[in-house]
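Asks: Take this structure first; my questions come after.
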Amino acid sequence: MTTSALFAAVVRASQSDAWTYVITGWLLTGAVVAGYWLRTRARIRVGETRLSAERDQ
Amino acid sequence: MRLWREASLVAAKDLRIEARSRIALGQILPFGIIVAILFAFALDPDSGLLTRVAPGLFWVTVLLAALLAVGRSFAVEEKSNARDGLRLTGLDGSAVFLGKMAAIAAELFFLEILLGIAVVILYGVEVNGVVVLLAAAPAATLGIASTGTLYGVLAAGLRSRETLLPLLLLPVLAPVLLGATRAFEGGLEGAPSDAWPWVGLLWIFATFYTAFGVLAFGTLWEND
Amino acid sequence: MPLVEFHSVVCLLGTFPALAGVDLQVEPRDIVLLEGPNGAGKTTLLRLIAGLIPPHSGEAQVFGLDLFKDRRSARRRLALVGHESYCYDDLTVMENLQFTFKASGVTGMEINSVLERTGLDGLAGVRHAHLSAGQRRRLALANAMVRNPELLLLDEPHAGLDEEGRACLHEIIASAPSEGRTVVLASHELELSRQLANREVRVESGTIVKSGRGEL
Amino acid sequence: MNPRDQLLDPRLRRVIGVGAVIGVVALCLFGLWGAPPDDRQGEAMRLLYLHVPSAWLAYFAFLVTAIASALFLWPRTRSIVWDRVAGASAELGVIFTGLTLVVGSLWGRPIWGVWWAWDARLVTTAVLFFLYLGYLALRRIPGDAISTGKRNAIAALIAFVDVPIVHFSVEWWRTLHQKATVFNPELSARIEGVQALTLWIAVLAFTLVYVYLLDRRYRLAVIDDVLAEQALEQAIKIRTGDNPGVGR
């Protein structure tokens with residue numbers, strides 16, 4: 001079940017359009033918060049590898 | 001009081017430069033009137049809408065003109081590095097703040113009078129409740145001048161100051177625009193009792209940021 | 001107690017270490033010549049002494065005041081002549097000097113005598129914008145002298161001055177010790193400056209490499 | 001690892017991280033499935049479980065920024081730690097303010113039929129968003145640590161002082177036009193029982209997420225500073241290293 005299939009299923013399940021807004025809102029919030037966390041974590045990893053590389057010199 | 005002597009020295013210097021260069025009168029005032037005319041183009045003049053929203057358009061124009069006045073006030077210090085000269089005199093930061101703020105406020109107030117006359121003529125506004133207008137305008141002007149001077153020095157010397165100043169200053173001035181417009185509407189529609197609370201808000205805003213400037217300006221002014 | 005006392009001072013311009021560990025002492029009534037290649041950090045050193053820029057690390061004292069704590073109080077007793085004139089375009093020579101004079105709260109100095117010493121007496125009513133580059137250099141010198149400084153910092157003051165201007169400059173520097181004034185002079189005009197200086201300091205790549213006394 | 005390099009103790013951070021995950025899962029279960037739809041608003045009510053906590057978190061984040069800025073300005077407590085906390089918290093504040101606005105308009109569409117309504121709280125949040133966007137723009141401009149720290153701290157305080165004034169004036173302005181606005185989310189949603197519980201879970205989950213992200217963003221700021229310091233030492237070596245050789 002790819003994510004797009006899952007998303008389509010959820011949307012179809014919601015006859016009333018209210019559910020579309022609810023799903024969009026929740027997915028968007030999740031995406032933004034998770035995106036920010038992953039981006040910060042990735043930049044920390046890059047920084048720490050450069051730091052340890054510098055220390056080994 | 002040494003502070004007031006030094007502050008009036010700085011204000012006199014700024015106002016003499018303005019009198020010589022005629023930037024506020026020769027460029028910023030025409031800019032204001034052009035903006036007022038552009039609003040008339042945008043809104044259909046004979047629908048009576050223009051008269052109703054005249055206070056709001058007036059104060060938006062004043063805010064835009066204030067951006068130019070603040071920019072000009074600190075551009076003067078950049079030229080031939082006059083800013084370092086002013087710092088080298090050892091003047092106290094709060095004196096420089098009050099001086100520059102007073103000069104900007106004077107220019108703005110002078111601007112508001114002339115722009116006000118233009119708006120009254122262009123938009124066909126019949127003026128009453130003058131007491132409220134005279135109570136609100138100085139408060140709004142001091143509010144704009146104090147935050148403008150604070151952010152002016154904060155952005156001075158930074159590469160992107162022309163674009164940074166509006167982004168920093170306009171959101172902070174949202175309550176001033178709200179208060180001044182509502183106060184003017186109350187005054188003009190002959191319902192001053194509605195206007196007085198907004199005048200109070202404007203004076204609180206102005207006093208607060210003037211005090212904030214006196215305390216914080218020195219630190220910002222010394223930053224290179 | 002030396003007027004200026006620096007130990008391994010580092011100073012940044014943005015992220016560039018303009019001064020990378022400077023040790024310097026300046027005694028009262030000294031005339032110190034700072035020489036060295038362009039970009040060595042002479043200008044930064046003078047601006048640091050004047051308290052215009054913050055030191056990053058090390059120990060830095062001017063008039064006994066720690067520059068890390070207070071960069072402003074020492075300014076009342078010093079003046080800096082930089083590459084720019086520090087004046088306002090729309091004001092006249094006299095108005096610029098009067099503003100500096102009143103703003104500095106100085107006593108014991110007469111504006112007209114400063115105008116004469118710098119050869120600007122004929123230009124008092126001329127606007128700064130209308131002055132030539134050379135005249136602005138003289139105005140920069142006058143703007144400093146009008147404050148009757150105990151410590152006079154000069155950043156390449158010879159640049160742009162004509163014969164008469166240089167004569168005025170020399171008279172001011174030469175008479176400094178007798179007027180109780182100390183001078184720190186950054187210059188590339190080594191022959192001229194060496195006639196005046198009693199100490200020479202070589203600055204290279206942000207540090208002081210040679211410092212001699214009386215090497216005339 | 002000296003104390004300034006970590007905001008939270010690693011063990012505490014892991015606990016908060018796990019707590020945040022549990023909170024989010026619970027929020028999804030309750031928010032999307034557990035809590036019944038509101039009798040008046042229907043399913044759209046589920047968006048409030050995001051809108052209300054993110055609005056609360058935005059204010060809280062900007063309060064943290066203001067306190068950290070004040071501590072940085074106070075000479076005795078001045079430390080780079082507070083400048084980093086102020087920056088990290090403001091960044092999160094702007095994200096939560098943005099989410100509040102977007103989710104707010106997503107909620108407004110089915111309920112009011114409009115993407116945006118000049119409701120007092122939404123207007124205040126919008127002004128807040130741009131207020132701190134300017135602050136973040138100012139923070140990006142480099143310079144000497146102490147002087148930029150002071151500049152940022154003062155800008156943060158200028159912005160924070162404006163928040164109550166904006167809130168007060170906008171509240172006045174909007175209630176001037178509609179007495180008790182039916183659009184007011186709290187008023188129209190008589191929430192109790194499972195819905196109230198869900199809202200509390202949401203607030204808790206959001207707060208844990210905020211604290212965890214604050215620590216991570218602080219850690220990133222530490223690394224950026226250390227790398228900058230190393231680059232500086234390198235530059236000093238190069239600057240003085242070639243001194244005896246070619247006089248530059």
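By convention in this document, the chains of the structure tokens carry letters A, B, ... by their order, each chain's residues are numbered from 1, and ligands are numbered from 1 in the order they are shown.
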Which residues, written as a PDB file with N, CA and C atoms, in the first residue's frame, have at least one atom at most 12 Å from B:Leu158, with only C-alpha atoms counted and residues fewer than 5 positions away on the same chain left out?
Replies:
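Wrote result-v6.pdb, looks like this:
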```pdb
ATOM      1  N   PHE B  74      19.066  58.214   8.651  1.00  0.00           N
ATOM      2  CA  PHE B  74      20.283  57.416   8.928  1.00  0.00           C
ATOM      3  C   PHE B  74      21.212  57.361   7.716  1.00  0.00           C
ATOM      4  N   ALA B  75      20.671  57.667   6.524  1.00  0.00           N
ATOM      5  CA  ALA B  75      21.564  57.742   5.351  1.00  0.00           C
ATOM      6  C   ALA B  75      22.515  58.932   5.523  1.00  0.00           C
ATOM      7  N   GLU B  78      25.479  57.880   7.250  1.00  0.00           N
ATOM      8  CA  GLU B  78      26.409  56.976   6.551  1.00  0.00           C
ATOM      9  C   GLU B  78      27.413  57.769   5.728  1.00  0.00           C
ATOM     10  N   TYR B 151      14.488  51.093  15.039  1.00  0.00           N
ATOM     11  CA  TYR B 151      14.782  50.139  13.958  1.00  0.00           C
ATOM     12  C   TYR B 151      15.739  50.760  12.944  1.00  0.00           C
ATOM     13  N   GLY B 152      15.707  52.101  12.815  1.00  0.00           N
ATOM     14  CA  GLY B 152      16.619  52.759  11.874  1.00  0.00           C
ATOM     15  C   GLY B 152      18.061  52.494  12.236  1.00  0.00           C
ATOM     16  N   VAL B 153      18.378  52.618  13.536  1.00  0.00           N
ATOM     17  CA  VAL B 153      19.774  52.394  13.956  1.00  0.00           C
ATOM     18  C   VAL B 153      20.081  50.906  13.925  1.00  0.00           C
ATOM     19  N   THR B 163      15.578  47.053   2.552  1.00  0.00           N
ATOM     20  CA  THR B 163      14.449  46.106   2.548  1.00  0.00           C
ATOM     21  C   THR B 163      14.148  45.616   3.963  1.00  0.00           C
ATOM     22  N   LEU B 164      15.151  45.670   4.837  1.00  0.00           N
ATOM     23  CA  LEU B 164      14.944  45.140   6.190  1.00  0.00           C
ATOM     24  C   LEU B 164      14.078  46.097   7.012  1.00  0.00           C
ATOM     25  N   LEU B 165      14.283  47.399   6.829  1.00  0.00           N
ATOM     26  CA  LEU B 165      13.574  48.390   7.656  1.00  0.00           C
ATOM     27  C   LEU B 165      12.047  48.241   7.560  1.00  0.00           C
ATOM     28  N   ASN B 223      27.057  49.470  18.399  1.00  0.00           N
ATOM     29  CA  ASN B 223      27.397  48.283  17.597  1.00  0.00           C
ATOM     30  C   ASN B 223      27.977  48.703  16.272  1.00  0.00           C
ATOM     31  N   ASP B 224      29.092  48.048  15.867  1.00  0.00           N
ATOM     32  CA  ASP B 224      29.601  48.470  14.557  1.00  0.00           C
ATOM     33  C   ASP B 224      28.991  47.603  13.459  1.00  0.00           C
TER      34      ASP B 224
ATOM     35  N   GLY C  14      33.867  41.338  10.771  1.00  0.00           N
ATOM     36  CA  GLY C  14      33.008  40.230  10.300  1.00  0.00           C
ATOM     37  C   GLY C  14      33.619  38.959  10.855  1.00  0.00           C
TER      38      GLY C  14
ATOM     39  N   ALA D 137      14.973  37.435  10.115  1.00  0.00           N
ATOM     40  CA  ALA D 137      15.773  38.002   9.009  1.00  0.00           C
ATOM     41  C   ALA D 137      16.966  38.762   9.590  1.00  0.00           C
ATOM     42  N   LEU D 138      16.730  39.459  10.697  1.00  0.00           N
ATOM     43  CA  LEU D 138      17.812  40.234  11.321  1.00  0.00           C
ATOM     44  C   LEU D 138      18.868  39.291  11.899  1.00  0.00           C
ATOM     45  N   ARG D 139      18.418  38.163  12.443  1.00  0.00           N
ATOM     46  CA  ARG D 139      19.376  37.237  13.083  1.00  0.00           C
ATOM     47  C   ARG D 139      20.340  36.665  12.057  1.00  0.00           C
ATOM     48  N   ARG D 140      19.906  36.597  10.806  1.00  0.00           N
ATOM     49  CA  ARG D 140      20.764  35.920   9.813  1.00  0.00           C
ATOM     50  C   ARG D 140      21.958  36.777   9.433  1.00  0.00           C
ATOM     51  N   ILE D 141      21.938  38.074   9.828  1.00  0.00           N
ATOM     52  CA  ILE D 141      23.035  38.947   9.401  1.00  0.00           C
ATOM     53  C   ILE D 141      24.227  38.729  10.341  1.00  0.00           C
ATOM     54  N   PRO D 142      25.389  38.311   9.800  1.00  0.00           N
ATOM     55  CA  PRO D 142      26.521  37.912  10.662  1.00  0.00           C
ATOM     56  C   PRO D 142      27.199  39.122  11.308  1.00  0.00           C
ATOM     57  N   GLY D 143      28.043  38.810  12.264  1.00  0.00           N
ATOM     58  CA  GLY D 143      28.815  39.887  12.910  1.00  0.00           C
ATOM     59  C   GLY D 143      29.455  39.352  14.176  1.00  0.00           C
ATOM     60  N   THR D 148      26.118  41.285  17.782  1.00  0.00           N
ATOM     61  CA  THR D 148      24.892  40.787  17.125  1.00  0.00           C
ATOM     62  C   THR D 148      23.942  40.243  18.199  1.00  0.00           C
ATOM     63  N   ARG D 151      22.084  43.128  19.586  1.00  0.00           N
ATOM     64  CA  ARG D 151      21.144  43.658  18.569  1.00  0.00           C
ATOM     65  C   ARG D 151      19.917  42.761  18.469  1.00  0.00           C
TER      66      ARG D 151
END
```
Asks: As a PyMOL selection string, please: the residues near A:Tyr36 (cut-off 12 Å, only C-alpha atoms, same-chain neighbours under 3 positions excluded).
Replies: (chain A and resi 29-33+39-43) or (chain D and resi 88+91-92+95-96+209-210+212-214+216-217)
Asks: Against stretch 2-25 of chain B, which residues of stretch 95-208 of chain B fall within 12 Å? For each one I want the closest pair of atoms and the distance in Å (one decimal), counting only C-alpha atoms, rows by chain and increasing residue number, as JSON lines.
Replies:
```
{"residue": "B:Ala95", "atom": "CA", "partner": "B:Ala7", "partner_atom": "CA", "distance": 4.4}
{"residue": "B:Val96", "atom": "CA", "partner": "B:Ala7", "partner_atom": "CA", "distance": 5.9}
{"residue": "B:Phe97", "atom": "CA", "partner": "B:Ala7", "partner_atom": "CA", "distance": 7.5}
{"residue": "B:Leu98", "atom": "CA", "partner": "B:Ala7", "partner_atom": "CA", "distance": 5.6}
{"residue": "B:Gly99", "atom": "CA", "partner": "B:Ala11", "partner_atom": "CA", "distance": 4.2}
{"residue": "B:Lys100", "atom": "CA", "partner": "B:Ala11", "partner_atom": "CA", "distance": 5.5}
{"residue": "B:Met101", "atom": "CA", "partner": "B:Ala11", "partner_atom": "CA", "distance": 7.8}
{"residue": "B:Ala102", "atom": "CA", "partner": "B:Ala11", "partner_atom": "CA", "distance": 6.2}
{"residue": "B:Ala103", "atom": "CA", "partner": "B:Ala11", "partner_atom": "CA", "distance": 5.0}
{"residue": "B:Ile104", "atom": "CA", "partner": "B:Asp14", "partner_atom": "CA", "distance": 8.5}
{"residue": "B:Ala105", "atom": "CA", "partner": "B:Ala11", "partner_atom": "CA", "distance": 10.1}
{"residue": "B:Ala106", "atom": "CA", "partner": "B:Leu15", "partner_atom": "CA", "distance": 8.5}
{"residue": "B:Glu107", "atom": "CA", "partner": "B:Ala24", "partner_atom": "CA", "distance": 6.9}
{"residue": "B:Leu108", "atom": "CA", "partner": "B:Ala24", "partner_atom": "CA", "distance": 8.5}
{"residue": "B:Phe109", "atom": "CA", "partner": "B:Ala24", "partner_atom": "CA", "distance": 11.2}
{"residue": "B:Phe110", "atom": "CA", "partner": "B:Leu25", "partner_atom": "CA", "distance": 8.9}
{"residue": "B:Leu111", "atom": "CA", "partner": "B:Leu25", "partner_atom": "CA", "distance": 7.6}
{"residue": "B:Glu112", "atom": "CA", "partner": "B:Leu25", "partner_atom": "CA", "distance": 11.3}
{"residue": "B:Ile113", "atom": "CA", "partner": "B:Leu25", "partner_atom": "CA", "distance": 11.9}
{"residue": "B:Leu114", "atom": "CA", "partner": "B:Leu25", "partner_atom": "CA", "distance": 9.7}
{"residue": "B:Leu115", "atom": "CA", "partner": "B:Leu25", "partner_atom": "CA", "distance": 10.9}
```
Asks: How would the residues just chosen look if you wrote them out with C-alpha atoms as a PDB file, in the first residue's frame?
Replies:
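Okay, this is what ended up in result_27.pdb:
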```
ATOM      1  CA  ALA B  95      20.738  61.854  23.716  1.00  0.00           C
ATOM      2  CA  VAL B  96      21.343  60.779  20.121  1.00  0.00           C
ATOM      3  CA  PHE B  97      18.108  58.762  20.206  1.00  0.00           C
ATOM      4  CA  LEU B  98      15.938  61.610  21.536  1.00  0.00           C
ATOM      5  CA  GLY B  99      17.585  64.068  19.142  1.00  0.00           C
ATOM      6  CA  LYS B 100      17.091  62.002  16.012  1.00  0.00           C
ATOM      7  CA  MET B 101      13.607  60.920  17.107  1.00  0.00           C
ATOM      8  CA  ALA B 102      12.551  64.536  17.715  1.00  0.00           C
ATOM      9  CA  ALA B 103      13.861  65.555  14.279  1.00  0.00           C
ATOM     10  CA  ILE B 104      11.963  62.703  12.563  1.00  0.00           C
ATOM     11  CA  ALA B 105       8.816  63.467  14.596  1.00  0.00           C
ATOM     12  CA  ALA B 106       9.011  67.167  13.660  1.00  0.00           C
ATOM     13  CA  GLU B 107       9.408  66.335   9.974  1.00  0.00           C
ATOM     14  CA  LEU B 108       6.549  63.813  10.116  1.00  0.00           C
ATOM     15  CA  PHE B 109       4.213  66.176  11.959  1.00  0.00           C
ATOM     16  CA  PHE B 110       4.915  68.939   9.452  1.00  0.00           C
ATOM     17  CA  LEU B 111       4.310  66.396   6.700  1.00  0.00           C
ATOM     18  CA  GLU B 112       1.032  65.262   8.261  1.00  0.00           C
ATOM     19  CA  ILE B 113      -0.346  68.790   8.333  1.00  0.00           C
ATOM     20  CA  LEU B 114       0.358  69.412   4.654  1.00  0.00           C
ATOM     21  CA  LEU B 115      -0.704  65.882   3.644  1.00  0.00           C
TER      22      LEU B 115
END
```
Asks: Tell me as a list in words which residues belonging to chain C come within 7 Å of chain D, counting only C-alpha atoms.
Replies: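 Applying the cut-off to the listed atoms yields Gly14, Thr15, Pro17, Ala20, Pro37, Glu204 and Ser205 of chain C.
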Asks: Give me, as an NGL selection string, the residues of chain C touching chain B, with the criterion being at most 6 Å (counting only C-alpha atoms).
Replies: :C and (75-76 or 84-87 or 90 or 103-104)
Asks: Taking the DSSP secondary structure from the backbone, can you list the residues of chain B that are alpha helix (DSSP H), as a ChimeraX atom specification?
Replies: /B:2-21,23,29-42,49-78,82-88,93-123,130-155,161-172,174-188,192-222
Asks: Between D:Glu171, D:Glu43, D:Asp5, D:Asp225, which one has atoms that come closest to chain A, using only C-alpha atoms?
Replies: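 Result for the nearest residue to chain A: D:Glu43.
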Asks: Contacts between chain B and chain D, please, where a residue of chain D counts if it comes within 9 Å (with only C-alpha atoms); show its shortest atom pair and distance in Å to one decimal, rows by chain and ascending number, as a Markdown table.
Replies:
```
| residue | atom | partner | partner_atom | distance |
| --- | --- | --- | --- | --- |
| D:Val127 | CA | B:Pro171 | CA | 6.0 |
| D:Leu128 | CA | B:Pro171 | CA | 7.8 |
| D:Phe130 | CA | B:Pro171 | CA | 6.3 |
| D:Leu131 | CA | B:Pro171 | CA | 5.4 |
| D:Tyr132 | CA | B:Leu168 | CA | 8.5 |
| D:Leu133 | CA | B:Leu167 | CA | 8.1 |
| D:Gly134 | CA | B:Leu168 | CA | 5.0 |
| D:Tyr135 | CA | B:Leu168 | CA | 7.1 |
| D:Ala137 | CA | B:Leu164 | CA | 7.7 |
| D:Leu138 | CA | B:Leu164 | CA | 7.7 |
| D:Ile141 | CA | B:Leu158 | CA | 7.9 |
| D:Gly143 | CA | B:Asp224 | CA | 8.8 |
| D:Asp144 | CA | B:Asp224 | CA | 8.8 |
| D:Ser147 | CA | B:Asn223 | CA | 5.7 |
| D:Thr148 | CA | B:Asn223 | CA | 7.9 |
| D:Lys150 | CA | B:Thr219 | CA | 7.3 |
| D:Arg151 | CA | B:Leu220 | CA | 6.1 |
| D:Ile154 | CA | B:Ala216 | CA | 6.9 |
| D:Ala155 | CA | B:Leu154 | CA | 8.0 |
| D:Ile158 | CA | B:Phe212 | CA | 8.0 |
| D:Ala159 | CA | B:Val172 | CA | 6.7 |
| D:Val161 | CA | B:Phe208 | CA | 8.8 |
| D:Asp162 | CA | B:Val172 | CA | 6.1 |
| D:Val163 | CA | B:Val172 | CA | 8.6 |
| D:Ile165 | CA | B:Pro175 | CA | 6.7 |
| D:Val166 | CA | B:Pro175 | CA | 5.4 |
| D:His167 | CA | B:Pro175 | CA | 8.7 |
| D:Phe168 | CA | B:Pro175 | CA | 8.7 |
| D:Ser169 | CA | B:Pro175 | CA | 6.0 |
| D:Val170 | CA | B:Pro175 | CA | 7.5 |
| D:Trp173 | CA | B:Leu178 | CA | 7.8 |
```
Asks: Could you write out the selected residues, including C-alpha atoms, as a PDB file, in the first residue's frame?
Replies:
```
ATOM      1  CA  VAL D 127       0.886  40.246  12.767  1.00  0.00           C
ATOM      2  CA  LEU D 128       2.932  38.071  15.125  1.00  0.00           C
ATOM      3  CA  PHE D 130       5.528  38.926  10.310  1.00  0.00           C
ATOM      4  CA  LEU D 131       6.851  40.542  13.476  1.00  0.00           C
ATOM      5  CA  TYR D 132       9.118  37.556  14.175  1.00  0.00           C
ATOM      6  CA  LEU D 133       9.838  36.884  10.498  1.00  0.00           C
ATOM      7  CA  GLY D 134      11.611  40.269  10.574  1.00  0.00           C
ATOM      8  CA  TYR D 135      13.433  39.224  13.742  1.00  0.00           C
ATOM      9  CA  ALA D 137      15.773  38.002   9.009  1.00  0.00           C
ATOM     10  CA  LEU D 138      17.812  40.234  11.321  1.00  0.00           C
ATOM     11  CA  ILE D 141      23.035  38.947   9.401  1.00  0.00           C
ATOM     12  CA  GLY D 143      28.815  39.887  12.910  1.00  0.00           C
ATOM     13  CA  ASP D 144      30.712  39.853  16.171  1.00  0.00           C
ATOM     14  CA  SER D 147      27.258  42.888  19.270  1.00  0.00           C
ATOM     15  CA  THR D 148      24.892  40.787  17.125  1.00  0.00           C
ATOM     16  CA  LYS D 150      22.747  42.499  21.811  1.00  0.00           C
ATOM     17  CA  ARG D 151      21.144  43.658  18.569  1.00  0.00           C
ATOM     18  CA  ILE D 154      16.811  44.223  21.639  1.00  0.00           C
ATOM     19  CA  ALA D 155      14.926  43.431  18.415  1.00  0.00           C
ATOM     20  CA  ILE D 158      10.861  45.391  20.730  1.00  0.00           C
ATOM     21  CA  ALA D 159       8.755  42.718  19.010  1.00  0.00           C
ATOM     22  CA  VAL D 161       6.512  44.371  23.808  1.00  0.00           C
ATOM     23  CA  ASP D 162       4.353  44.879  20.747  1.00  0.00           C
ATOM     24  CA  VAL D 163       2.484  41.547  21.140  1.00  0.00           C
ATOM     25  CA  ILE D 165      -0.466  45.985  22.326  1.00  0.00           C
ATOM     26  CA  VAL D 166      -1.338  44.297  19.012  1.00  0.00           C
ATOM     27  CA  HIS D 167      -3.551  41.744  20.782  1.00  0.00           C
ATOM     28  CA  PHE D 168      -5.322  44.425  22.809  1.00  0.00           C
ATOM     29  CA  SER D 169      -5.884  46.814  19.888  1.00  0.00           C
ATOM     30  CA  VAL D 170      -7.021  44.055  17.485  1.00  0.00           C
ATOM     31  CA  TRP D 173     -11.112  46.594  16.865  1.00  0.00           C
TER      32      TRP D 173
END
```
Asks: Please identify every residue of chain A that has at least one atom no farther than 8 Å from an atom of chain D, counting only C-alpha atoms, and for each give the shortest atom pair and the distance in Å to one decimal, arranged by chain then increasing number, as a tab-separated table.
Replies:
```
residue	atom	partner	partner_atom	distance
A:Asp17	CA	D:Pro110	CA	7.9
A:Ala18	CA	D:Ala44	CA	5.5
A:Trp19	CA	D:Glu43	CA	6.4
A:Tyr21	CA	D:Leu106	CA	5.9
A:Val22	CA	D:Leu47	CA	5.7
A:Gly25	CA	D:Val103	CA	5.6
A:Trp26	CA	D:Leu47	CA	7.3
A:Thr29	CA	D:Leu99	CA	6.6
A:Trp37	CA	D:Leu213	CA	6.5
A:Thr40	CA	D:Arg217	CA	6.4
A:Arg41	CA	D:Arg216	CA	7.1
A:Arg43	CA	D:Leu220	CA	7.1
A:Ile44	CA	D:Leu220	CA	5.3
A:Gly47	CA	D:Ile223	CA	6.1
A:Glu48	CA	D:Ile223	CA	7.1
A:Leu51	CA	D:Leu227	CA	7.0
```
Asks: List every residue of stretch 39-82 of chain C that DSSP, applied to the backbone of this structure, places in strand (DSSP E or B), and write the result as a list in words.
Replies: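 Reading the DSSP output for stretch 39-82 of chain C, strand (DSSP E or B) covers Ser57, Gly58, Glu59, Ala60, Gln61, Val62, Leu65, Asp66, Leu78, Ala79, Leu80 and Val81 of chain C.
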Asks: Applying 8 Å and only C-alpha atoms, which residues near stretch 144-151 of chain C remain after dropping the ones on its own chain fewer than 6 positions away? List them as a PyMOL selection string.
Replies: chain C and resi 76-81+97+100-101+104+106-111+114+180-184
Asks: Within 7 Å of stretch 186-193 of chain B, counting only C-alpha atoms, which residues show up once you throw out same-chain ones fewer than 2 positions away? Write them as a ChimeraX atom specification, please.
Replies: /B:127-130,132-133,182-184,195-196
Asks: Suppose we keep N, CA, C and O atoms; can you now write the selection as a compact mmCIF listing (two decimals), in the first residue's frame?
Replies:
```txt
# COMPACT_ATOMS: atom_id res chain seq x y z
N VAL B 127 -13.99 68.42 8.01
CA VAL B 127 -13.25 68.18 9.25
C VAL B 127 -14.07 68.64 10.45
O VAL B 127 -14.59 69.75 10.45
N ASN B 128 -14.29 67.79 11.41
CA ASN B 128 -14.73 68.23 12.75
C ASN B 128 -14.11 67.29 13.78
O ASN B 128 -13.40 66.36 13.42
N GLY B 129 -14.38 67.60 15.06
CA GLY B 129 -13.72 66.83 16.13
C GLY B 129 -12.23 67.07 16.11
O GLY B 129 -11.43 66.17 16.27
N VAL B 130 -11.85 68.34 15.85
CA VAL B 130 -10.42 68.68 15.69
C VAL B 130 -9.64 68.37 16.97
O VAL B 130 -8.50 67.92 16.94
N VAL B 132 -9.90 65.89 18.99
CA VAL B 132 -9.47 64.48 18.99
C VAL B 132 -8.30 64.31 18.01
O VAL B 132 -7.28 63.67 18.32
N LEU B 133 -8.43 64.94 16.83
CA LEU B 133 -7.37 64.78 15.81
C LEU B 133 -6.05 65.30 16.39
O LEU B 133 -5.01 64.65 16.29
N ARG B 182 -8.75 54.64 13.75
CA ARG B 182 -10.01 54.61 14.53
C ARG B 182 -10.22 55.95 15.24
O ARG B 182 -11.33 56.50 15.26
N ALA B 183 -9.13 56.52 15.77
CA ALA B 183 -9.28 57.81 16.48
C ALA B 183 -9.74 58.88 15.49
O ALA B 183 -10.67 59.65 15.76
N PHE B 184 -9.11 58.88 14.31
CA PHE B 184 -9.50 59.90 13.32
C PHE B 184 -10.94 59.68 12.87
O PHE B 184 -11.71 60.62 12.70
N ALA B 195 -13.42 57.68 20.15
CA ALA B 195 -12.02 57.90 19.74
C ALA B 195 -11.08 57.94 20.93
O ALA B 195 -9.94 57.49 20.84
N TRP B 196 -11.56 58.45 22.08
CA TRP B 196 -10.62 58.69 23.17
C TRP B 196 -9.88 57.43 23.63
O TRP B 196 -8.66 57.47 23.85
```
Asks: Hey, what's within 7 Å of stretch 132-138 of chain C if we count only C-alpha atoms and toss same-chain stuff fewer than 6 positions away? As a CSV table (one decimal) with N, CA, C and O atoms, in the first residue's frame, please?
Replies:
```csv
chain,number,residue,atom,x,y,z
C,85,SER,N,35.9,62.1,6.4
C,85,SER,CA,36.0,63.4,7.2
C,85,SER,C,35.1,63.4,8.4
C,85,SER,O,35.1,64.2,9.2
C,118,THR,N,44.8,74.8,10.5
C,118,THR,CA,44.7,73.8,9.4
C,118,THR,C,44.5,74.5,8.1
C,118,THR,O,44.1,73.9,7.1
C,160,GLY,N,46.6,63.0,0.3
C,160,GLY,CA,45.7,64.0,-0.3
C,160,GLY,C,46.0,65.4,0.2
C,160,GLY,O,45.4,66.4,-0.3
C,161,LEU,N,47.0,65.6,1.1
C,161,LEU,CA,47.3,67.0,1.5
C,161,LEU,C,48.3,67.6,0.6
C,161,LEU,O,49.3,66.9,0.2
C,165,GLY,N,49.1,72.0,3.4
C,165,GLY,CA,48.4,71.1,4.3
C,165,GLY,C,49.4,70.3,5.1
C,165,GLY,O,49.3,70.1,6.3
```
